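Okay, so here's the structure we're looking at.
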Amino acid sequence: MKPETKNILYKNTKINYTDIGKGTAVVLLHGFLENLSMWNAFIADFSKKNRVIAIDLLGHGYTECLGYIHTMEDQADMVHQVLRELKIRKAVFMGHSMGGYVALAFADLYPDAVKGLALLNSTSRADSKERKQNRDRAIVAVKQNHTAFVRMSIANLFSEDNRERLSDVIEEVKKEALKTPLQGIVAALEGMKIRIDREVLFHFATYPILLILGKKDGVLNYDDSLEQIEKTRVELVTFPDGHMSHIENETELKTVLLGFLKKI
């Protein structure tokens, strides 16, 4: 059963979210070109013992655009406002890819509101010079051909071994991604490009942090990702596949995340 969607107004912008279950609050944040439906396979299990809030980030899903650039701080402030409306003071945050960047920005801005952090196929580091150039190229490409850009971007998120095996699922992911408006895509790319490095949180956070990585992630280099957690207490779980652990490794990931929630 899918939870009913609700919305609030934030700075005259409609924000879409779901809220189900009772217990410790768990906030689910999707990635770039995704929406809260990416968590559909997880919400039923998570909400058995927790209050689960999934949010469409700015310019994604049924949440409207706020401006030409959606910084990670803009996104975090919006998430904070949703939690204020729901009278939630502290929560565990789970973010996939860009959702992880938003979770880190939230943890930076509102440290007292964080009980735990699970980052899926994400990084605490800012974009490299090369990644920034790639974002600029992506902005040009999506403005030229929205459909072609989205379809190609999604295919590249899965490891090559899985593209045939999961071809039907990948088509569904592409369909969801194509709902993302051009302005939402550009605003997210601009925001990710200028995000700041938050590696310091891995060293000094007082709450548990879990980092989930894919060995064959084509977006985030695995070895570079390992560097950022050296000499930290961040728990690492590695899967053998690509950037879409919630699909490529769904069953194992669910077990890992439920285990993480139990410890908090």
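Residue numbering restarts at 1 for every chain of the structure tokens, chains are lettered A, B, ... in their displayed order, and ligands are numbered from 1 as they appear.
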Exercise for the section: Give me every strand (DSSP E or B) residue in stretch 21-212 of chain A, going by DSSP on the backbone, as an NGL selection string. Expected result: :A and (24-29 or 50-55 or 91-96 or 114-120 or 209-212)
Handout entry: Spatial neighbours of stretch 220-235 of chain A, max dist 9 Å, only C-alpha atoms, sep filter under 3 positions, as a list of chain:residue names
Key =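 Close residues of stretch 220-235 of chain A: A:Asn121, A:Ser122, A:Thr123, A:Ser124, A:Arg125, A:Glu199, A:Phe202, A:His203, A:Phe204, A:Pro208, A:Ile209, A:Leu210, A:Leu211, A:Ile212, A:Leu213, A:Gly214, A:Lys215, A:Lys216, A:Asp217, A:His243.
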Exercise for the section: Within 9 Å of stretch 132-147 of chain A, counting only C-alpha atoms, which residues show up once you throw out same-chain ones fewer than 2 positions away? Write them as a list in words, please. Expected result: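 After dropping sequence-adjacent residues, the list is Asp127, Ser128, Lys129, Glu130, Phe149, Val150, Arg151, Met152, Leu178, Pro181, Leu182, Ile185, Val186, Leu189, Glu190, Met192, Lys193 and Ile194 of chain A.
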Exercise for the section: Take atom CA of A:Glu34 and atom CA of A:Ala188 and report the distance between them in Å, one decimal. Expected result: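 Separation between atom CA of A:Glu34 and atom CA of A:Ala188: 11.4 Å.
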Practice task
Identify, on the basis of only C-alpha atoms, every residue whose closest approach to stretch 115-118 of chain A does not exceed 12 Å; exclude the query and any residue fewer than 3 positions from it along the same chain; express the result as a ChimeraX atom specification.
Solution key: /A:24-29,88-97,99-108,110-112,121-124,201-202,205-213,234-237,253,256-264
Handout entry: Among listed residues A:Arg198, A:Gln75, A:His80, A:Lys2, nearest A:Ala44 (using only C-alpha atoms)
Key =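 Among A:Arg198, A:Gln75, A:His80, A:Lys2, it is A:Lys2 that comes nearest to A:Ala44.
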Among stretch 3-251 of chain A, which ones does DSSP assign to helix (DSSP H, G or I) (computed from the backbone)? Answer as a short mmCIF file (atom, residue, chain, number, x, y, z; two decimals) with N, CA, C and O atoms, in the first residue's frame.
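Contents of part-v9.cif, freshly written:
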data_model
loop_
_atom_site.label_atom_id
_atom_site.label_comp_id
_atom_site.auth_asym_id
_atom_site.auth_seq_id
_atom_site.Cartn_x
_atom_site.Cartn_y
_atom_site.Cartn_z
N LEU A 36 10.04 10.66 -4.69
CA LEU A 36 9.85 9.83 -3.49
C LEU A 36 9.41 8.41 -3.82
O LEU A 36 9.54 7.50 -2.98
N SER A 37 8.93 8.16 -5.05
CA SER A 37 8.52 6.79 -5.40
C SER A 37 9.70 5.82 -5.42
O SER A 37 9.51 4.60 -5.38
N MET A 38 10.96 6.33 -5.45
CA MET A 38 12.11 5.42 -5.43
C MET A 38 12.16 4.60 -4.14
O MET A 38 12.79 3.55 -4.08
N TRP A 39 11.45 5.07 -3.11
CA TRP A 39 11.46 4.39 -1.81
C TRP A 39 10.29 3.42 -1.62
O TRP A 39 10.13 2.85 -0.55
N ASN A 40 9.46 3.26 -2.66
CA ASN A 40 8.25 2.44 -2.51
C ASN A 40 8.51 1.04 -1.96
O ASN A 40 7.73 0.52 -1.17
N ALA A 41 9.60 0.43 -2.39
CA ALA A 41 9.90 -0.94 -1.96
C ALA A 41 10.36 -1.00 -0.50
O ALA A 41 10.45 -2.09 0.08
N PHE A 42 10.66 0.15 0.10
CA PHE A 42 11.24 0.18 1.45
C PHE A 42 10.27 0.69 2.52
O PHE A 42 10.38 0.33 3.69
N ILE A 43 9.33 1.54 2.12
CA ILE A 43 8.50 2.25 3.10
C ILE A 43 7.69 1.30 3.98
O ILE A 43 7.61 1.49 5.19
N ALA A 44 7.09 0.25 3.38
CA ALA A 44 6.26 -0.67 4.17
C ALA A 44 7.06 -1.30 5.31
O ALA A 44 6.60 -1.36 6.46
N ASP A 45 8.28 -1.75 5.02
CA ASP A 45 9.12 -2.38 6.06
C ASP A 45 9.61 -1.36 7.09
O ASP A 45 9.59 -1.63 8.28
N PHE A 46 10.03 -0.19 6.60
CA PHE A 46 10.53 0.83 7.53
C PHE A 46 9.43 1.31 8.47
O PHE A 46 9.69 1.61 9.64
N MET A 72 22.00 22.89 -2.21
CA MET A 72 21.74 21.83 -1.23
C MET A 72 21.20 22.43 0.07
O MET A 72 20.39 21.82 0.76
N GLU A 73 21.60 23.68 0.35
CA GLU A 73 21.09 24.38 1.54
C GLU A 73 19.62 24.76 1.36
O GLU A 73 18.84 24.65 2.31
N ASP A 74 19.23 25.16 0.14
CA ASP A 74 17.81 25.44 -0.15
C ASP A 74 16.98 24.18 0.12
O ASP A 74 15.91 24.24 0.73
N GLN A 75 17.49 23.07 -0.38
CA GLN A 75 16.78 21.80 -0.21
C GLN A 75 16.67 21.44 1.28
O GLN A 75 15.61 21.03 1.76
N ALA A 76 17.78 21.61 2.00
CA ALA A 76 17.80 21.27 3.43
C ALA A 76 16.83 22.16 4.22
O ALA A 76 16.13 21.67 5.12
N ASP A 77 16.79 23.45 3.89
CA ASP A 77 15.85 24.36 4.57
C ASP A 77 14.41 23.94 4.32
O ASP A 77 13.55 24.02 5.20
N MET A 78 14.13 23.51 3.09
CA MET A 78 12.78 23.04 2.76
C MET A 78 12.44 21.80 3.58
O MET A 78 11.34 21.69 4.14
N VAL A 79 13.38 20.85 3.67
CA VAL A 79 13.15 19.63 4.46
C VAL A 79 12.89 20.00 5.92
O VAL A 79 11.99 19.46 6.57
N HIS A 80 13.66 20.95 6.42
CA HIS A 80 13.50 21.40 7.80
C HIS A 80 12.09 21.96 8.04
O HIS A 80 11.47 21.71 9.08
N GLN A 81 11.59 22.70 7.05
CA GLN A 81 10.26 23.27 7.17
C GLN A 81 9.18 22.18 7.20
O GLN A 81 8.22 22.26 7.97
N VAL A 82 9.35 21.15 6.39
CA VAL A 82 8.40 20.02 6.41
C VAL A 82 8.39 19.39 7.80
O VAL A 82 7.33 19.13 8.38
N LEU A 83 9.57 19.18 8.37
CA LEU A 83 9.66 18.56 9.70
C LEU A 83 9.05 19.47 10.77
O LEU A 83 8.41 18.98 11.72
N ARG A 84 9.23 20.76 10.62
CA ARG A 84 8.60 21.70 11.58
C ARG A 84 7.08 21.61 11.52
O ARG A 84 6.41 21.58 12.55
N GLU A 85 6.56 21.55 10.30
CA GLU A 85 5.11 21.41 10.12
C GLU A 85 4.60 20.13 10.78
O GLU A 85 3.50 20.09 11.32
N MET A 98 22.12 12.59 -4.73
CA MET A 98 21.85 13.99 -4.40
C MET A 98 21.10 14.10 -3.07
O MET A 98 21.32 15.06 -2.31
N GLY A 99 20.24 13.13 -2.77
CA GLY A 99 19.55 13.13 -1.47
C GLY A 99 20.53 13.05 -0.31
O GLY A 99 20.29 13.59 0.77
N GLY A 100 21.67 12.38 -0.55
CA GLY A 100 22.73 12.33 0.45
C GLY A 100 23.38 13.69 0.64
O GLY A 100 23.71 14.09 1.76
N TYR A 101 23.56 14.44 -0.46
CA TYR A 101 24.13 15.79 -0.36
C TYR A 101 23.19 16.68 0.45
O TYR A 101 23.64 17.51 1.24
N VAL A 102 21.88 16.50 0.23
CA VAL A 102 20.89 17.29 0.97
C VAL A 102 20.91 16.90 2.44
O VAL A 102 20.87 17.77 3.32
N ALA A 103 21.01 15.61 2.72
CA ALA A 103 21.07 15.14 4.11
C ALA A 103 22.30 15.71 4.83
O ALA A 103 22.22 16.12 5.99
N LEU A 104 23.43 15.75 4.13
CA LEU A 104 24.66 16.31 4.72
C LEU A 104 24.52 17.81 4.97
O LEU A 104 24.97 18.33 5.99
N ALA A 105 23.88 18.51 4.02
CA ALA A 105 23.64 19.95 4.20
C ALA A 105 22.72 20.17 5.40
O ALA A 105 22.95 21.07 6.22
N PHE A 106 21.71 19.31 5.54
CA PHE A 106 20.79 19.41 6.67
C PHE A 106 21.56 19.18 7.98
O PHE A 106 21.40 19.93 8.95
N ALA A 107 22.41 18.16 8.00
CA ALA A 107 23.18 17.83 9.20
C ALA A 107 24.13 18.97 9.58
O ALA A 107 24.39 19.21 10.76
N ASP A 108 24.63 19.67 8.57
CA ASP A 108 25.51 20.81 8.77
C ASP A 108 24.74 21.99 9.37
O ASP A 108 25.20 22.65 10.31
N LEU A 109 23.55 22.25 8.82
CA LEU A 109 22.75 23.41 9.23
C LEU A 109 21.96 23.17 10.52
O LEU A 109 21.74 24.09 11.30
N PRO A 111 22.38 20.42 13.14
CA PRO A 111 22.98 19.22 13.74
C PRO A 111 22.15 18.59 14.86
O PRO A 111 22.15 17.37 15.03
N ASP A 112 21.44 19.42 15.62
CA ASP A 112 20.67 18.89 16.75
C ASP A 112 19.43 18.12 16.31
O ASP A 112 18.77 17.46 17.13
N ALA A 113 19.09 18.20 15.04
CA ALA A 113 17.88 17.52 14.54
C ALA A 113 18.19 16.15 13.93
O ALA A 113 17.31 15.48 13.42
N LYS A 129 36.92 19.70 -10.30
CA LYS A 129 36.86 20.60 -11.45
C LYS A 129 36.24 19.89 -12.66
O LYS A 129 35.40 20.43 -13.37
N GLU A 130 36.63 18.64 -12.83
CA GLU A 130 36.12 17.84 -13.96
C GLU A 130 34.61 17.60 -13.82
O GLU A 130 33.86 17.70 -14.79
N ARG A 131 34.18 17.27 -12.60
CA ARG A 131 32.74 17.03 -12.37
C ARG A 131 31.92 18.30 -12.64
O ARG A 131 30.83 18.25 -13.18
N LYS A 132 32.49 19.45 -12.26
CA LYS A 132 31.79 20.72 -12.50
C LYS A 132 31.63 20.97 -14.00
O LYS A 132 30.57 21.40 -14.46
N GLN A 133 32.69 20.67 -14.76
CA GLN A 133 32.61 20.82 -16.22
C GLN A 133 31.56 19.88 -16.81
O GLN A 133 30.82 20.25 -17.72
N ASN A 134 31.50 18.66 -16.24
CA ASN A 134 30.49 17.69 -16.70
C ASN A 134 29.08 18.18 -16.40
O ASN A 134 28.15 17.96 -17.20
N ARG A 135 28.90 18.83 -15.26
CA ARG A 135 27.57 19.40 -14.93
C ARG A 135 27.19 20.47 -15.96
O ARG A 135 26.05 20.52 -16.41
N ASP A 136 28.16 21.32 -16.32
CA ASP A 136 27.88 22.36 -17.31
C ASP A 136 27.49 21.75 -18.66
O ASP A 136 26.57 22.21 -19.33
N ARG A 137 28.22 20.68 -19.03
CA ARG A 137 27.89 19.98 -20.29
C ARG A 137 26.49 19.37 -20.21
O ARG A 137 25.74 19.38 -21.19
N ALA A 138 26.15 18.85 -19.03
CA ALA A 138 24.83 18.23 -18.84
C ALA A 138 23.72 19.28 -18.99
O ALA A 138 22.67 19.00 -19.57
N ILE A 139 23.97 20.48 -18.48
CA ILE A 139 22.97 21.56 -18.57
C ILE A 139 22.71 21.91 -20.04
O ILE A 139 21.56 22.07 -20.47
N VAL A 140 23.79 21.98 -20.82
CA VAL A 140 23.65 22.26 -22.26
C VAL A 140 22.86 21.12 -22.92
O VAL A 140 21.92 21.35 -23.69
N ALA A 141 23.23 19.88 -22.59
CA ALA A 141 22.61 18.70 -23.22
C ALA A 141 21.12 18.60 -22.91
O ALA A 141 20.31 18.32 -23.80
N VAL A 142 20.76 18.85 -21.67
CA VAL A 142 19.34 18.70 -21.30
C VAL A 142 18.49 19.80 -21.92
O VAL A 142 17.33 19.59 -22.27
N LYS A 143 19.10 20.98 -22.09
CA LYS A 143 18.36 22.07 -22.76
C LYS A 143 18.15 21.77 -24.24
O LYS A 143 17.16 22.18 -24.84
N GLN A 144 19.09 21.03 -24.82
CA GLN A 144 18.98 20.68 -26.25
C GLN A 144 17.97 19.56 -26.48
O GLN A 144 17.18 19.60 -27.41
N HIS A 146 15.79 17.16 -23.80
CA HIS A 146 15.40 16.71 -22.45
C HIS A 146 15.28 15.19 -22.39
O HIS A 146 15.87 14.52 -21.54
N THR A 147 14.54 14.60 -23.33
CA THR A 147 14.26 13.15 -23.31
C THR A 147 15.54 12.34 -23.48
O THR A 147 15.80 11.40 -22.71
N ALA A 148 16.34 12.69 -24.48
CA ALA A 148 17.58 11.94 -24.74
C ALA A 148 18.52 12.02 -23.55
O ALA A 148 19.13 11.01 -23.14
N PHE A 149 18.64 13.20 -22.95
CA PHE A 149 19.52 13.39 -21.79
C PHE A 149 19.07 12.49 -20.63
O PHE A 149 19.88 11.79 -20.03
N VAL A 150 17.77 12.52 -20.32
CA VAL A 150 17.26 11.75 -19.17
C VAL A 150 17.45 10.25 -19.40
O VAL A 150 17.95 9.54 -18.53
N ARG A 151 17.09 9.78 -20.58
CA ARG A 151 17.19 8.34 -20.86
C ARG A 151 18.63 7.84 -20.78
O ARG A 151 18.91 6.78 -20.21
N MET A 152 19.57 8.61 -21.31
CA MET A 152 20.97 8.21 -21.27
C MET A 152 21.51 8.29 -19.83
O MET A 152 22.25 7.40 -19.40
N SER A 153 21.15 9.35 -19.12
CA SER A 153 21.63 9.52 -17.75
C SER A 153 21.23 8.34 -16.88
O SER A 153 22.03 7.82 -16.10
N ILE A 154 19.98 7.90 -17.00
CA ILE A 154 19.49 6.80 -16.16
C ILE A 154 20.20 5.50 -16.49
O ILE A 154 20.66 4.77 -15.60
N ALA A 155 20.35 5.19 -17.76
CA ALA A 155 21.02 3.94 -18.16
C ALA A 155 22.42 3.85 -17.56
O ALA A 155 22.85 2.79 -17.09
N GLU A 160 27.05 -2.17 -15.93
CA GLU A 160 26.82 -2.76 -17.26
C GLU A 160 26.22 -4.15 -17.16
O GLU A 160 25.36 -4.54 -17.96
N ASP A 161 26.65 -4.92 -16.16
CA ASP A 161 26.15 -6.30 -16.00
C ASP A 161 24.64 -6.32 -15.76
O ASP A 161 23.99 -7.32 -16.05
N ASN A 162 24.11 -5.24 -15.18
CA ASN A 162 22.70 -5.24 -14.80
C ASN A 162 21.76 -4.63 -15.83
O ASN A 162 20.55 -4.74 -15.69
N ARG A 163 22.33 -4.00 -16.85
CA ARG A 163 21.46 -3.25 -17.77
C ARG A 163 20.49 -4.15 -18.53
O ARG A 163 19.36 -3.76 -18.79
N GLU A 164 20.94 -5.35 -18.85
CA GLU A 164 20.04 -6.28 -19.54
C GLU A 164 19.10 -6.96 -18.55
O GLU A 164 17.90 -7.03 -18.74
N ARG A 165 19.68 -7.44 -17.47
CA ARG A 165 18.90 -8.16 -16.44
C ARG A 165 17.76 -7.31 -15.90
O ARG A 165 16.66 -7.81 -15.64
N SER A 167 16.37 -4.61 -17.46
CA SER A 167 15.93 -3.69 -18.52
C SER A 167 14.50 -3.18 -18.30
O SER A 167 14.23 -1.99 -18.53
N ASP A 168 13.58 -4.04 -17.83
CA ASP A 168 12.19 -3.59 -17.60
C ASP A 168 12.12 -2.56 -16.49
O ASP A 168 11.41 -1.56 -16.60
N VAL A 169 12.85 -2.82 -15.42
CA VAL A 169 12.87 -1.89 -14.28
C VAL A 169 13.48 -0.56 -14.71
O VAL A 169 12.99 0.51 -14.35
N ILE A 170 14.56 -0.63 -15.48
CA ILE A 170 15.24 0.59 -15.94
C ILE A 170 14.29 1.45 -16.78
O ILE A 170 14.28 2.67 -16.66
N GLU A 171 13.47 0.80 -17.59
CA GLU A 171 12.47 1.55 -18.39
C GLU A 171 11.51 2.31 -17.47
O GLU A 171 11.15 3.45 -17.75
N GLU A 172 11.09 1.66 -16.38
CA GLU A 172 10.19 2.30 -15.41
C GLU A 172 10.88 3.50 -14.74
O GLU A 172 10.27 4.55 -14.54
N VAL A 173 12.16 3.32 -14.40
CA VAL A 173 12.93 4.41 -13.77
C VAL A 173 13.04 5.59 -14.74
O VAL A 173 12.90 6.75 -14.35
N LYS A 174 13.26 5.28 -16.02
CA LYS A 174 13.33 6.34 -17.04
C LYS A 174 12.01 7.10 -17.14
O LYS A 174 11.99 8.33 -17.24
N LYS A 175 10.90 6.35 -17.09
CA LYS A 175 9.57 6.99 -17.17
C LYS A 175 9.37 7.96 -16.02
O LYS A 175 8.87 9.07 -16.19
N GLU A 176 9.75 7.54 -14.81
CA GLU A 176 9.64 8.43 -13.63
C GLU A 176 10.54 9.64 -13.81
O GLU A 176 10.16 10.77 -13.52
N ALA A 177 11.76 9.39 -14.27
CA ALA A 177 12.75 10.48 -14.44
C ALA A 177 12.27 11.52 -15.45
O ALA A 177 12.52 12.71 -15.28
N LEU A 182 12.36 20.38 -16.98
CA LEU A 182 13.65 20.94 -17.39
C LEU A 182 14.21 21.88 -16.32
O LEU A 182 15.38 21.78 -15.95
N GLN A 183 13.37 22.76 -15.80
CA GLN A 183 13.85 23.71 -14.79
C GLN A 183 14.36 22.99 -13.54
O GLN A 183 15.36 23.37 -12.95
N GLY A 184 13.66 21.92 -13.14
CA GLY A 184 14.08 21.15 -11.97
C GLY A 184 15.43 20.48 -12.17
O GLY A 184 16.27 20.44 -11.27
N ILE A 185 15.65 19.99 -13.39
CA ILE A 185 16.92 19.32 -13.72
C ILE A 185 18.07 20.33 -13.69
O ILE A 185 19.11 20.10 -13.07
N VAL A 186 17.87 21.46 -14.36
CA VAL A 186 18.93 22.48 -14.43
C VAL A 186 19.23 23.03 -13.04
O VAL A 186 20.40 23.18 -12.65
N ALA A 187 18.18 23.31 -12.25
CA ALA A 187 18.36 23.88 -10.91
C ALA A 187 19.14 22.92 -10.01
O ALA A 187 19.97 23.34 -9.20
N ALA A 188 18.89 21.60 -10.17
CA ALA A 188 19.61 20.61 -9.37
C ALA A 188 21.07 20.50 -9.81
O ALA A 188 21.98 20.44 -8.98
N LEU A 189 21.31 20.50 -11.12
CA LEU A 189 22.69 20.43 -11.62
C LEU A 189 23.49 21.64 -11.16
O LEU A 189 24.65 21.51 -10.72
N GLU A 190 22.88 22.82 -11.24
CA GLU A 190 23.55 24.05 -10.78
C GLU A 190 23.85 23.97 -9.28
O GLU A 190 24.91 24.38 -8.81
N GLY A 191 22.89 23.44 -8.52
CA GLY A 191 23.05 23.35 -7.06
C GLY A 191 24.11 22.34 -6.65
O GLY A 191 24.91 22.60 -5.74
N MET A 192 24.13 21.19 -7.33
CA MET A 192 25.14 20.17 -7.00
C MET A 192 26.53 20.66 -7.35
O MET A 192 27.51 20.38 -6.65
N LYS A 193 26.62 21.41 -8.43
CA LYS A 193 27.92 21.91 -8.93
C LYS A 193 28.59 22.82 -7.90
O LYS A 193 29.82 22.83 -7.78
N VAL A 200 34.19 16.94 6.84
CA VAL A 200 34.42 17.16 8.27
C VAL A 200 33.34 16.49 9.13
O VAL A 200 33.61 16.02 10.25
N LEU A 201 32.13 16.38 8.58
CA LEU A 201 31.05 15.74 9.34
C LEU A 201 31.36 14.27 9.63
O LEU A 201 30.96 13.74 10.66
N PHE A 202 32.06 13.63 8.71
CA PHE A 202 32.43 12.22 8.91
C PHE A 202 33.38 12.05 10.10
O PHE A 202 33.44 11.00 10.71
N HIS A 203 34.12 13.10 10.40
CA HIS A 203 35.10 13.02 11.49
C HIS A 203 34.54 13.45 12.83
O HIS A 203 34.98 12.96 13.87
N PHE A 204 33.57 14.35 12.83
CA PHE A 204 33.14 14.93 14.11
C PHE A 204 31.68 14.71 14.49
O PHE A 204 31.26 15.14 15.56
N TYR A 222 34.97 4.45 -6.60
CA TYR A 222 34.94 3.69 -5.35
C TYR A 222 36.15 3.99 -4.45
O TYR A 222 36.00 4.25 -3.26
N ASP A 223 37.34 3.98 -5.03
CA ASP A 223 38.56 4.21 -4.22
C ASP A 223 38.60 5.62 -3.63
O ASP A 223 38.99 5.81 -2.48
N ASP A 224 38.17 6.61 -4.44
CA ASP A 224 38.10 7.98 -3.93
C ASP A 224 37.11 8.06 -2.76
O ASP A 224 37.35 8.77 -1.78
N SER A 225 36.01 7.35 -2.89
CA SER A 225 34.99 7.36 -1.84
C SER A 225 35.52 6.78 -0.53
O SER A 225 35.16 7.25 0.55
N LEU A 226 36.37 5.77 -0.64
CA LEU A 226 36.93 5.15 0.57
C LEU A 226 37.84 6.12 1.33
O LEU A 226 37.87 6.11 2.56
N GLU A 227 38.55 6.96 0.59
CA GLU A 227 39.49 7.91 1.22
C GLU A 227 38.81 8.78 2.27
O GLU A 227 39.38 9.08 3.31
N SER A 245 21.88 1.22 -5.86
CA SER A 245 21.85 0.11 -4.89
C SER A 245 20.43 -0.25 -4.47
O SER A 245 20.14 -1.40 -4.16
N HIS A 246 19.54 0.74 -4.43
CA HIS A 246 18.16 0.47 -3.99
C HIS A 246 17.39 -0.39 -4.99
O HIS A 246 16.35 -0.95 -4.65
N ILE A 247 17.92 -0.53 -6.20
CA ILE A 247 17.31 -1.41 -7.20
C ILE A 247 18.22 -2.61 -7.46
O ILE A 247 17.78 -3.76 -7.44
N GLU A 248 19.51 -2.35 -7.68
CA GLU A 248 20.45 -3.43 -8.03
C GLU A 248 20.67 -4.39 -6.85
O GLU A 248 20.96 -5.57 -7.06
N GLU A 250 18.45 -4.48 -3.92
CA GLU A 250 17.31 -4.08 -3.08
C GLU A 250 17.17 -4.89 -1.79
O GLU A 250 17.07 -4.33 -0.70
N THR A 251 17.17 -6.21 -1.90
CA THR A 251 16.94 -7.06 -0.72
C THR A 251 18.03 -6.87 0.33
O THR A 251 17.74 -6.69 1.52
#
Fill in the blank from the handout: Of A:Ser159, A:Thr18, A:Asn7, A:Thr238, the one nearest to A:Ser47 when counting only C-alpha atoms is A:Thr18
Practice task
Please measure the separation of atom CA of A:Glu4 and atom CA of A:Leu86, giving the value in Å to one decimal.
Solution key: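 Going from atom CA of A:Glu4 over to atom CA of A:Leu86 covers 15.1 Å.
Computed from the coordinates, the atom CA of A:Asn156 to atom CA of A:Gly242 distance equals 8.9 Å.
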Completion exercise
A:Phe32 proximity check over A:Thr13, A:Leu57, A:Arg195, A:Gly67, using only C-alpha atoms: winner is A:Leu57
Completion exercise
Judged by only C-alpha atoms, the minimum distance to A:Thr71 among A:Lys179, A:Ile196, A:Leu33, A:Leu9 is found for A:Ile196
